[in-house]
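Shown next: structure39.cif, containing mmCIF, C-alpha atoms.
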data_my_file
#
loop_
_atom_site.label_atom_id
_atom_site.label_comp_id
_atom_site.auth_asym_id
_atom_site.auth_seq_id
_atom_site.Cartn_x
_atom_site.Cartn_y
_atom_site.Cartn_z
CA MET A 1 0.00 0.00 0.00
CA THR A 2 1.39 3.39 -1.03
CA LEU A 3 1.93 5.99 1.68
CA SER A 4 -0.28 8.96 0.81
CA ALA A 5 0.98 12.54 0.85
CA ASP A 6 -1.48 13.44 3.62
CA ARG A 7 -0.38 10.52 5.77
CA LEU A 8 3.28 11.37 5.21
CA ALA A 9 2.61 14.98 6.23
CA GLN A 10 0.98 13.81 9.48
CA LEU A 11 3.93 11.61 10.30
CA ASP A 12 6.34 14.40 9.38
CA ALA A 13 4.67 16.66 11.94
CA PHE A 14 4.94 13.87 14.50
CA VAL A 15 8.70 13.63 13.89
CA ILE A 16 8.96 17.24 15.04
CA ASP A 17 7.17 16.28 18.26
CA LEU A 18 9.53 13.34 18.76
CA ASN A 19 12.54 15.62 18.37
CA ARG A 20 11.04 17.96 20.95
CA VAL A 21 10.58 15.30 23.63
CA SER A 22 14.02 13.80 23.00
CA ALA A 23 15.64 17.22 23.28
CA ALA A 24 13.88 17.81 26.60
CA ALA A 25 15.39 14.59 27.94
CA ILE A 26 18.90 15.18 26.61
CA LEU A 27 19.73 18.86 26.95
CA PRO A 28 19.70 19.09 30.78
CA LEU A 29 22.38 16.36 30.83
CA PHE A 30 24.66 17.75 28.12
CA ARG A 31 27.88 19.11 29.69
CA ALA A 32 26.42 18.03 33.04
CA ASP A 33 26.28 14.87 35.19
CA HIS A 34 25.04 12.44 32.54
CA GLY A 35 25.59 9.14 34.38
CA LEU A 36 28.16 7.61 32.05
CA GLU A 37 28.36 3.82 31.88
CA ASP A 38 30.58 1.58 29.73
CA LYS A 39 28.60 -1.17 27.97
CA GLY A 40 31.89 -2.67 26.80
CA ALA A 41 33.17 -3.29 30.33
CA GLY A 42 33.67 -6.96 31.17
CA LYS A 43 33.58 -8.13 27.54
CA ASN A 44 37.35 -8.84 27.50
CA LEU A 45 37.79 -7.07 24.18
CA PRO A 46 41.20 -5.80 23.02
CA ARG A 47 41.84 -2.24 24.09
CA ASP A 48 42.21 -1.19 20.45
CA SER A 49 38.77 -2.61 19.59
CA HIS A 50 36.19 0.03 18.72
CA ALA A 51 33.72 -1.75 21.03
CA ALA A 52 36.14 -1.98 23.97
CA PHE A 53 34.78 1.34 25.26
CA ASP A 54 31.06 1.50 24.51
CA PRO A 55 29.60 4.49 26.36
CA VAL A 56 25.96 5.03 27.26
CA THR A 57 24.45 7.77 29.41
CA GLU A 58 21.22 8.59 31.17
CA ALA A 59 20.55 10.92 28.25
CA ASP A 60 20.66 8.03 25.73
CA ARG A 61 18.24 5.96 27.76
CA GLY A 62 15.99 8.80 28.83
CA ALA A 63 15.60 10.16 25.31
CA GLU A 64 14.75 6.80 23.79
CA ALA A 65 12.27 6.11 26.59
CA ALA A 66 10.60 9.47 25.96
CA ILE A 67 10.39 8.87 22.21
CA ARG A 68 8.98 5.38 22.70
CA ALA A 69 6.39 6.66 25.16
CA LEU A 70 5.08 9.26 22.73
CA ILE A 71 4.97 6.73 19.87
CA SER A 72 3.04 4.31 22.08
CA GLU A 73 0.60 7.05 23.05
CA ARG A 74 0.01 8.39 19.54
CA TYR A 75 0.51 5.29 17.37
CA PRO A 76 0.23 2.17 19.55
CA GLU A 77 0.12 -0.10 16.49
CA HIS A 78 3.56 1.04 15.28
CA GLY A 79 6.73 -0.96 15.88
CA VAL A 80 9.98 0.40 17.29
CA ILE A 81 13.64 -0.58 16.93
CA GLY A 82 16.05 1.33 19.17
CA GLU A 83 19.67 1.12 20.21
CA GLU A 84 18.97 1.14 23.94
CA TYR A 85 15.76 -0.87 24.34
CA GLY A 86 15.72 -3.26 21.40
CA GLU A 87 12.84 -4.32 19.17
CA ASP A 88 9.09 -4.10 19.61
CA ARG A 89 6.98 -5.39 16.69
CA PRO A 90 9.73 -4.97 14.07
CA ASP A 91 7.45 -6.46 11.40
CA ALA A 92 4.68 -3.88 11.81
CA GLU A 93 3.53 -1.82 8.82
CA PHE A 94 5.18 1.25 10.36
CA VAL A 95 8.40 0.85 12.36
CA TRP A 96 10.38 3.64 14.01
CA VAL A 97 14.16 3.19 14.06
CA LEU A 98 15.85 5.21 16.81
CA ASP A 99 19.30 6.27 17.90
CA PRO A 100 18.66 8.73 20.75
CA ILE A 101 22.26 9.97 20.75
CA ASP A 102 24.39 9.14 17.75
CA GLY A 103 27.85 10.25 18.78
CA THR A 104 27.82 9.47 22.49
CA ARG A 105 31.60 9.90 22.55
CA ALA A 106 31.14 13.49 21.34
CA PHE A 107 28.34 13.96 23.89
CA ILE A 108 30.45 12.92 26.86
CA SER A 109 33.30 15.09 25.53
CA GLY A 110 31.07 18.17 25.51
CA LEU A 111 31.18 18.49 21.72
CA PRO A 112 27.90 19.49 19.97
CA LEU A 113 28.40 17.01 17.14
CA TRP A 114 26.06 14.34 18.54
CA THR A 115 22.60 14.01 17.02
CA THR A 116 19.28 12.28 17.56
CA LEU A 117 18.35 9.98 14.67
CA ILE A 118 14.67 9.18 14.11
CA GLY A 119 13.73 7.10 11.08
CA LEU A 120 10.46 5.56 9.94
CA ARG A 121 9.99 2.44 7.82
CA HIS A 122 6.79 1.82 5.92
CA GLN A 123 6.41 -1.80 4.86
CA GLY A 124 10.13 -2.30 5.42
CA ARG A 125 11.32 0.72 3.45
CA PRO A 126 12.75 3.94 4.98
CA VAL A 127 10.33 6.75 4.08
CA LEU A 128 10.92 9.52 6.61
CA GLY A 129 13.90 10.55 8.70
CA SER A 130 15.30 13.31 10.86
CA ILE A 131 18.68 14.28 12.25
CA GLY A 132 18.32 16.60 15.22
CA GLN A 133 20.98 18.65 17.04
CA PRO A 134 19.00 20.46 19.73
CA TYR A 135 21.95 22.19 21.40
CA VAL A 136 22.54 24.26 18.27
CA GLY A 137 18.82 24.29 17.48
CA GLU A 138 18.71 22.28 14.26
CA VAL A 139 16.42 19.57 12.94
CA PHE A 140 17.01 18.19 9.45
CA ILE A 141 13.97 16.32 8.07
CA GLY A 142 13.59 14.48 4.78
CA SER A 143 11.26 12.26 2.74
CA ALA A 144 10.08 11.86 -0.83
CA ALA A 145 8.44 15.27 -0.40
CA GLY A 146 11.88 16.88 -0.06
CA SER A 147 14.31 17.79 2.70
CA ARG A 148 14.53 20.85 4.90
CA LEU A 149 16.31 22.40 7.86
CA MET A 150 14.32 23.76 10.77
CA SER A 151 16.41 26.15 12.85
CA ARG A 152 15.64 29.12 15.11
CA GLY A 153 12.10 29.49 13.87
CA GLN A 154 13.05 29.30 10.19
CA THR A 155 12.42 26.46 7.73
CA THR A 156 14.76 26.23 4.75
CA PRO A 157 14.70 23.70 1.89
CA ILE A 158 18.05 21.95 1.54
CA ARG A 159 19.73 20.30 -1.41
CA VAL A 160 22.95 18.41 -2.03
CA ARG A 161 25.54 20.17 -4.17
CA GLU A 162 27.08 19.09 -7.44
CA CYS A 163 30.55 17.58 -7.22
CA ALA A 164 31.58 15.85 -10.43
CA LYS A 165 35.04 14.75 -9.33
CA LEU A 166 36.39 13.08 -6.21
CA THR A 167 39.37 15.44 -6.33
CA ASP A 168 36.94 18.29 -5.54
CA ALA A 169 35.10 16.46 -2.76
CA VAL A 170 34.92 17.14 0.98
CA ILE A 171 34.50 13.73 2.61
CA ALA A 172 34.11 12.40 6.14
CA THR A 173 34.18 9.35 8.34
CA THR A 174 33.96 8.95 12.11
CA ASP A 175 37.19 7.21 13.13
CA PRO A 176 38.99 5.26 10.39
CA ASP A 177 41.43 3.53 12.73
CA ALA A 178 38.67 2.27 15.02
CA CYS A 179 35.78 1.67 12.62
CA PHE A 180 37.50 0.05 9.62
CA ASP A 181 39.26 -3.32 9.47
CA GLY A 182 42.51 -3.66 7.55
CA ALA A 183 41.05 -3.96 4.06
CA GLU A 184 38.44 -1.28 4.74
CA LEU A 185 41.10 1.07 6.08
CA GLY A 186 43.11 0.62 2.90
CA ALA A 187 40.06 1.49 0.79
CA TRP A 188 39.35 4.57 2.90
CA ARG A 189 42.92 5.76 2.55
CA GLN A 190 42.73 5.41 -1.21
CA VAL A 191 39.57 7.51 -1.37
CA ARG A 192 41.02 9.98 1.14
CA ALA A 193 44.16 10.41 -0.98
CA ALA A 194 42.04 11.44 -3.96
CA ALA A 195 39.65 13.78 -2.12
CA LYS A 196 40.23 17.48 -1.56
CA LEU A 197 39.52 17.46 2.19
CA ALA A 198 38.54 14.93 4.86
CA ARG A 199 36.95 15.56 8.26
CA LEU A 200 36.82 13.05 11.11
CA GLY A 201 34.66 12.55 14.18
CA CYS A 202 31.44 14.19 12.99
CA ASP A 203 29.26 11.06 13.28
CA ALA A 204 25.80 11.53 11.75
CA TYR A 205 26.11 15.32 11.75
CA ALA A 206 28.21 14.81 8.60
CA TYR A 207 25.20 13.14 6.96
CA ALA A 208 23.21 16.33 7.49
CA MET A 209 26.02 18.39 6.01
CA VAL A 210 25.88 16.32 2.82
CA ALA A 211 22.11 16.86 2.64
CA MET A 212 22.69 20.59 3.16
CA GLY A 213 25.30 20.79 0.40
CA LYS A 214 28.24 21.60 2.67
CA MET A 215 30.03 18.25 2.33
CA ASP A 216 30.04 15.72 -0.49
CA MET A 217 30.47 12.22 0.92
CA VAL A 218 30.46 10.15 4.10
CA ILE A 219 31.97 6.67 4.23
CA GLU A 220 31.30 4.36 7.19
CA ALA A 221 31.39 0.67 8.13
CA GLY A 222 30.11 -1.49 10.97
CA LEU A 223 26.84 0.41 11.22
CA LYS A 224 23.61 -0.78 12.82
CA SER A 225 20.19 -0.03 11.36
CA TRP A 226 19.64 2.85 13.79
CA ASP A 227 22.92 4.48 12.65
CA ILE A 228 21.79 4.98 9.06
CA GLU A 229 18.06 4.54 8.39
CA ALA A 230 17.05 8.05 9.46
CA ALA A 231 19.58 9.48 6.99
CA ILE A 232 18.35 7.63 3.91
CA PRO A 233 15.10 9.61 3.34
CA LEU A 234 16.89 12.84 4.29
CA ILE A 235 19.70 12.35 1.77
CA GLU A 236 17.43 11.06 -0.98
CA GLY A 237 14.93 13.86 -0.38
CA ALA A 238 17.79 16.33 -0.84
CA GLY A 239 18.79 14.73 -4.16
CA GLY A 240 21.63 12.53 -2.91
CA VAL A 241 22.21 8.81 -2.81
CA VAL A 242 22.94 6.20 -0.13
CA THR A 243 24.47 2.82 -1.00
CA ASP A 244 26.60 0.07 0.45
CA TRP A 245 30.22 -0.38 -0.69
CA ARG A 246 29.04 -2.34 -3.74
CA GLY A 247 26.82 0.50 -4.86
CA GLN A 248 23.66 -1.39 -3.84
CA PRO A 249 20.87 -0.21 -1.51
CA VAL A 250 21.69 -0.41 2.20
CA GLY A 251 19.73 -3.22 3.84
CA GLN A 252 18.01 -3.28 7.21
CA ASP A 253 21.11 -4.54 9.02
CA GLY A 254 23.40 -1.55 8.43
CA GLY A 255 26.99 -2.54 7.65
CA GLN A 256 29.12 -0.62 5.14
CA MET A 257 27.64 2.63 3.85
CA VAL A 258 28.39 5.53 1.51
CA ILE A 259 26.40 8.76 1.44
CA SER A 260 27.06 10.99 -1.55
CA GLY A 261 25.58 14.18 -2.85
CA ASP A 262 26.59 13.46 -6.44
CA ARG A 263 26.40 10.06 -8.13
CA ARG A 264 29.50 10.81 -10.18
CA THR A 265 31.66 11.21 -7.07
CA LEU A 266 30.15 8.05 -5.59
CA ASP A 267 31.03 6.06 -8.70
CA GLU A 268 34.66 7.16 -8.40
CA ALA A 269 34.85 6.21 -4.74
CA LEU A 270 33.26 2.81 -5.35
CA VAL A 271 36.21 1.81 -7.52
CA ALA A 272 38.24 1.56 -4.30
CA LEU A 273 35.47 0.61 -1.90
CA ARG A 274 34.17 -2.40 -3.86
CA ARG A 275 37.44 -4.24 -3.27
CA SER A 276 36.65 -4.33 0.46
CA ALA A 277 32.88 -4.74 0.20
CA LYS A 278 31.25 -7.35 2.44
#
Would you encode the structure as structure tokens?
Amino acid sequence: MTLSADRLAQLDAFVIDLNRVSAAAILPLFRADHGLEDKGAGKNLPRDSHAAFDPVTEADRGAEAAIRALISERYPEHGVIGEEYGEDRPDAEFVWVLDPIDGTRAFISGLPLWTTLIGLRHQGRPVLGSIGQPYVGEVFIGSAAGSRLMSRGQTTPIRVRECAKLTDAVIATTDPDACFDGAELGAWRQVRAAAKLARLGCDAYAYAMVAMGKMDMVIEAGLKSWDIEAAIPLIEGAGGVVTDWRGQPVGQDGGQMVISGDRRTLDEALVALRRSAK
């Protein structure tokens, strides 16, 4: 069944409400006593493993609980998949995919690069997504109806920019040494050597910058569904593309991912990335 424009508009308005309740749970704990815990403690992982230190805070848990509560109140028939509290009816017609704080390492470091990711699947396909950064007052929202930035009382349509060559591209990843294995790291370095500029440590905020036309590409690996699904409708609504490292659609299990504002730049990068595709 096709999602009607009216129904999509209703759900779009609800995403704004979800960002509001998550922000109310998170902001009092940012640069404050946030109750840090390490989910990686006791797992006997190597110290150089990305998962060896796996932080979570009261803000992560409180925000996801607040989002889930509002979904349950407004749309009790909808399913939810979240980083902190797992799955509830993941096969429902509508399923919300949540990462209450993407970039918890930035959050606990006092850096306003963390975001709240809220995505919606309809019949298994991502159709609506938002990336919110409430400390700086920004919510990026996207769907087939287009993408926009809501900030300080203003709403502005956003669009990816043209970038025909990788040598002109501004690219990003979170932490290449921690997030990529040996073959993946080699592929990243090859793309990085060709690009004009690379930025590290921006997490999902970099996705929003591609949608806004300020950056050109983000390359990641080892993602979960909640790390990427909110970004897919936002990027596509802004005219960009999201694929795996083979150039195929990203599935529901995350994994390797490339976000690009221009298909031509993506095609260049995939020459290197395909060799390490999983």
Inset, instruction - Name the residues captured by the PyMOL selection byres ((chain A and resi 35) around 12) when it is applied to the shown file; answer as a count of residues only. - result: 20
Ground truth for the PyMOL selection byres ((chain A and resi 267-277) around 9), written as a PDB file with C-alpha atoms, keeping the file's coordinate frame:
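The result, written out as out_23.pdb:
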ATOM      1  CA  LYS A 165      35.040  14.750  -9.330  1.00  0.00           C
ATOM      2  CA  LEU A 166      36.390  13.080  -6.210  1.00  0.00           C
ATOM      3  CA  ALA A 183      41.050  -3.960   4.060  1.00  0.00           C
ATOM      4  CA  GLU A 184      38.440  -1.280   4.740  1.00  0.00           C
ATOM      5  CA  LEU A 185      41.100   1.070   6.080  1.00  0.00           C
ATOM      6  CA  GLY A 186      43.110   0.620   2.900  1.00  0.00           C
ATOM      7  CA  ALA A 187      40.060   1.490   0.790  1.00  0.00           C
ATOM      8  CA  TRP A 188      39.350   4.570   2.900  1.00  0.00           C
ATOM      9  CA  GLN A 190      42.730   5.410  -1.210  1.00  0.00           C
ATOM     10  CA  VAL A 191      39.570   7.510  -1.370  1.00  0.00           C
ATOM     11  CA  ALA A 194      42.040  11.440  -3.960  1.00  0.00           C
ATOM     12  CA  ASP A 244      26.600   0.070   0.450  1.00  0.00           C
ATOM     13  CA  TRP A 245      30.220  -0.380  -0.690  1.00  0.00           C
ATOM     14  CA  ARG A 246      29.040  -2.340  -3.740  1.00  0.00           C
ATOM     15  CA  GLY A 247      26.820   0.500  -4.860  1.00  0.00           C
ATOM     16  CA  GLN A 256      29.120  -0.620   5.140  1.00  0.00           C
ATOM     17  CA  VAL A 258      28.390   5.530   1.510  1.00  0.00           C
ATOM     18  CA  ASP A 262      26.590  13.460  -6.440  1.00  0.00           C
ATOM     19  CA  ARG A 263      26.400  10.060  -8.130  1.00  0.00           C
ATOM     20  CA  ARG A 264      29.500  10.810 -10.180  1.00  0.00           C
ATOM     21  CA  THR A 265      31.660  11.210  -7.070  1.00  0.00           C
ATOM     22  CA  LEU A 266      30.150   8.050  -5.590  1.00  0.00           C
ATOM     23  CA  LYS A 278      31.250  -7.350   2.440  1.00  0.00           C
TER      24      LYS A 278
END
Legend entry - Residues matched by the PyMOL selection byres ((chain A and resi 242) around 7), written as a list in words: Ile232, Val241, Thr243, Pro249, Val258, Ile259 and Ser260 of chain A
Expected axis-aligned box over every listed atom of stretch 178-188 of chain A, 6 Å added per side, centre plus edges in Å to one decimal, as AutoDock Vina command-line options:
--center_x 39.4 --center_y 0.3 --center_z 7.9 --size_x 19.3 --size_y 20.5 --size_z 26.2
Inset, instruction - Mind checking which residues fall within 12 Å of A:Met209, counting all atoms listed in the file, ignoring those fewer than 3 positions away in the same chain, and posting them as a PyMOL selection string? - result: chain A and resi 113+131+138-140+148-149+158-161+170-172+199+202-206+212-218+231+234-235+238+240+259-261
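Interatomic distance, atom CA of A:Phe94 against atom CA of A:Ser151: 27.4 Å.
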Inset, instruction - For stretch 2-6 of chain A, please output as a VMD selection string all residues within 10 Å (counting only C-alpha atoms; exclusion window: fewer than 4 positions along the same chain). - result: chain A and resid 10 to 12 122 to 123 127 144 to 145
Create the file for the chosen residues now, containing C-alpha atoms and written as a tab-separated table (two decimals), in the frame of the given file.
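File part.tsv, as written:
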chain	number	residue	atom	x	y	z
A	10	GLN	CA	0.98	13.81	9.48
A	11	LEU	CA	3.93	11.61	10.30
A	12	ASP	CA	6.34	14.40	9.38
A	122	HIS	CA	6.79	1.82	5.92
A	123	GLN	CA	6.41	-1.80	4.86
A	127	VAL	CA	10.33	6.75	4.08
A	144	ALA	CA	10.08	11.86	-0.83
A	145	ALA	CA	8.44	15.27	-0.40
Legend entry - Atom pair atom CA of A:Trp226 / atom CA of A:Thr155: separation (Å):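 Interatomic distance here is 25.4 Å.
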Inset, instruction - Name the closest residue to A:Arg20 among the candidates A:Gly255, A:Pro76, A:Gly119, A:Gly132; distances are taken between atoms, counting all atoms listed in the file. - result: A:Gly132
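Nearest residue to A:Asp253 among A:Asp54, A:Trp114, A:Glu236, A:Glu229 is A:Glu229, counting all atoms listed in the file.
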Start from the incomplete input, build N, CA, C and O atoms for stretch 245-268 of chain A, and deliver everything as a PDB file, in the coordinates of the input.
ATOM      1  N   TRP A 245      28.940  -0.530   0.000  1.00  0.00           N
ATOM      2  CA  TRP A 245      30.220  -0.380  -0.690  1.00  0.00           C
ATOM      3  C   TRP A 245      30.247  -1.071  -2.045  1.00  0.00           C
ATOM      4  O   TRP A 245      31.219  -0.950  -2.778  1.00  0.00           O
ATOM      5  N   ARG A 246      29.173  -1.773  -2.394  1.00  0.00           N
ATOM      6  CA  ARG A 246      29.040  -2.340  -3.740  1.00  0.00           C
ATOM      7  C   ARG A 246      28.215  -1.441  -4.653  1.00  0.00           C
ATOM      8  O   ARG A 246      28.022  -1.742  -5.819  1.00  0.00           O
ATOM      9  N   GLY A 247      27.692  -0.367  -4.087  1.00  0.00           N
ATOM     10  CA  GLY A 247      26.820   0.500  -4.860  1.00  0.00           C
ATOM     11  C   GLY A 247      25.371   0.066  -4.841  1.00  0.00           C
ATOM     12  O   GLY A 247      24.554   0.603  -5.590  1.00  0.00           O
ATOM     13  N   GLN A 248      25.014  -0.883  -3.960  1.00  0.00           N
ATOM     14  CA  GLN A 248      23.660  -1.390  -3.840  1.00  0.00           C
ATOM     15  C   GLN A 248      22.937  -0.720  -2.664  1.00  0.00           C
ATOM     16  O   GLN A 248      23.566  -0.149  -1.790  1.00  0.00           O
ATOM     17  N   PRO A 249      21.602  -0.797  -2.623  1.00  0.00           N
ATOM     18  CA  PRO A 249      20.870  -0.210  -1.510  1.00  0.00           C
ATOM     19  C   PRO A 249      21.317  -0.796  -0.168  1.00  0.00           C
ATOM     20  O   PRO A 249      21.650  -1.977  -0.071  1.00  0.00           O
ATOM     21  N   VAL A 250      21.340   0.044   0.850  1.00  0.00           N
ATOM     22  CA  VAL A 250      21.690  -0.410   2.200  1.00  0.00           C
ATOM     23  C   VAL A 250      20.522  -1.208   2.758  1.00  0.00           C
ATOM     24  O   VAL A 250      19.374  -0.762   2.717  1.00  0.00           O
ATOM     25  N   GLY A 251      20.786  -2.386   3.282  1.00  0.00           N
ATOM     26  CA  GLY A 251      19.730  -3.220   3.840  1.00  0.00           C
ATOM     27  C   GLY A 251      19.344  -2.792   5.239  1.00  0.00           C
ATOM     28  O   GLY A 251      19.791  -1.766   5.750  1.00  0.00           O
ATOM     29  N   GLN A 252      18.522  -3.605   5.879  1.00  0.00           N
ATOM     30  CA  GLN A 252      18.010  -3.280   7.210  1.00  0.00           C
ATOM     31  C   GLN A 252      18.996  -3.605   8.318  1.00  0.00           C
ATOM     32  O   GLN A 252      18.703  -3.327   9.487  1.00  0.00           O
ATOM     33  N   ASP A 253      20.145  -4.155   7.988  1.00  0.00           N
ATOM     34  CA  ASP A 253      21.110  -4.540   9.020  1.00  0.00           C
ATOM     35  C   ASP A 253      22.319  -3.609   9.083  1.00  0.00           C
ATOM     36  O   ASP A 253      23.297  -3.907   9.771  1.00  0.00           O
ATOM     37  N   GLY A 254      22.289  -2.492   8.368  1.00  0.00           N
ATOM     38  CA  GLY A 254      23.400  -1.550   8.430  1.00  0.00           C
ATOM     39  C   GLY A 254      24.602  -2.034   7.644  1.00  0.00           C
ATOM     40  O   GLY A 254      24.510  -2.363   6.470  1.00  0.00           O
ATOM     41  N   GLY A 255      25.780  -2.082   8.316  1.00  0.00           N
ATOM     42  CA  GLY A 255      26.990  -2.540   7.650  1.00  0.00           C
ATOM     43  C   GLY A 255      27.785  -1.409   7.040  1.00  0.00           C
ATOM     44  O   GLY A 255      27.901  -0.326   7.615  1.00  0.00           O
ATOM     45  N   GLN A 256      28.331  -1.632   5.852  1.00  0.00           N
ATOM     46  CA  GLN A 256      29.120  -0.620   5.140  1.00  0.00           C
ATOM     47  C   GLN A 256      28.179   0.338   4.410  1.00  0.00           C
ATOM     48  O   GLN A 256      27.178  -0.076   3.837  1.00  0.00           O
ATOM     49  N   MET A 257      28.541   1.629   4.404  1.00  0.00           N
ATOM     50  CA  MET A 257      27.640   2.630   3.850  1.00  0.00           C
ATOM     51  C   MET A 257      28.424   3.771   3.230  1.00  0.00           C
ATOM     52  O   MET A 257      29.481   4.162   3.731  1.00  0.00           O
ATOM     53  N   VAL A 258      27.891   4.301   2.119  1.00  0.00           N
ATOM     54  CA  VAL A 258      28.390   5.530   1.510  1.00  0.00           C
ATOM     55  C   VAL A 258      27.217   6.470   1.283  1.00  0.00           C
ATOM     56  O   VAL A 258      26.204   6.075   0.707  1.00  0.00           O
ATOM     57  N   ILE A 259      27.345   7.696   1.749  1.00  0.00           N
ATOM     58  CA  ILE A 259      26.400   8.760   1.440  1.00  0.00           C
ATOM     59  C   ILE A 259      27.099   9.709   0.491  1.00  0.00           C
ATOM     60  O   ILE A 259      28.234  10.113   0.743  1.00  0.00           O
ATOM     61  N   SER A 260      26.442  10.071  -0.597  1.00  0.00           N
ATOM     62  CA  SER A 260      27.060  10.990  -1.550  1.00  0.00           C
ATOM     63  C   SER A 260      26.031  11.957  -2.094  1.00  0.00           C
ATOM     64  O   SER A 260      24.881  11.581  -2.357  1.00  0.00           O
ATOM     65  N   GLY A 261      26.456  13.192  -2.260  1.00  0.00           N
ATOM     66  CA  GLY A 261      25.580  14.180  -2.850  1.00  0.00           C
ATOM     67  C   GLY A 261      25.494  14.081  -4.350  1.00  0.00           C
ATOM     68  O   GLY A 261      24.500  14.498  -4.951  1.00  0.00           O
ATOM     69  N   ASP A 262      26.520  13.526  -4.983  1.00  0.00           N
ATOM     70  CA  ASP A 262      26.590  13.460  -6.440  1.00  0.00           C
ATOM     71  C   ASP A 262      26.955  12.034  -6.840  1.00  0.00           C
ATOM     72  O   ASP A 262      27.953  11.480  -6.368  1.00  0.00           O
ATOM     73  N   ARG A 263      26.174  11.440  -7.715  1.00  0.00           N
ATOM     74  CA  ARG A 263      26.400  10.060  -8.130  1.00  0.00           C
ATOM     75  C   ARG A 263      27.753   9.895  -8.813  1.00  0.00           C
ATOM     76  O   ARG A 263      28.384   8.839  -8.699  1.00  0.00           O
ATOM     77  N   ARG A 264      28.223  10.915  -9.484  1.00  0.00           N
ATOM     78  CA  ARG A 264      29.500  10.810 -10.180  1.00  0.00           C
ATOM     79  C   ARG A 264      30.661  10.640  -9.192  1.00  0.00           C
ATOM     80  O   ARG A 264      31.573   9.823  -9.427  1.00  0.00           O
ATOM     81  N   THR A 265      30.628  11.357  -8.101  1.00  0.00           N
ATOM     82  CA  THR A 265      31.660  11.210  -7.070  1.00  0.00           C
ATOM     83  C   THR A 265      31.570   9.843  -6.418  1.00  0.00           C
ATOM     84  O   THR A 265      32.587   9.209  -6.132  1.00  0.00           O
ATOM     85  N   LEU A 266      30.345   9.389  -6.153  1.00  0.00           N
ATOM     86  CA  LEU A 266      30.150   8.050  -5.590  1.00  0.00           C
ATOM     87  C   LEU A 266      30.759   6.989  -6.480  1.00  0.00           C
ATOM     88  O   LEU A 266      31.459   6.092  -6.004  1.00  0.00           O
ATOM     89  N   ASP A 267      30.507   7.066  -7.783  1.00  0.00           N
ATOM     90  CA  ASP A 267      31.030   6.060  -8.700  1.00  0.00           C
ATOM     91  C   ASP A 267      32.557   6.007  -8.661  1.00  0.00           C
ATOM     92  O   ASP A 267      33.151   4.919  -8.740  1.00  0.00           O
ATOM     93  N   GLU A 268      33.205   7.155  -8.525  1.00  0.00           N
ATOM     94  CA  GLU A 268      34.660   7.160  -8.400  1.00  0.00           C
ATOM     95  C   GLU A 268      35.110   6.475  -7.123  1.00  0.00           C
ATOM     96  O   GLU A 268      36.050   5.673  -7.127  1.00  0.00           O
TER      97      GLU A 268
END
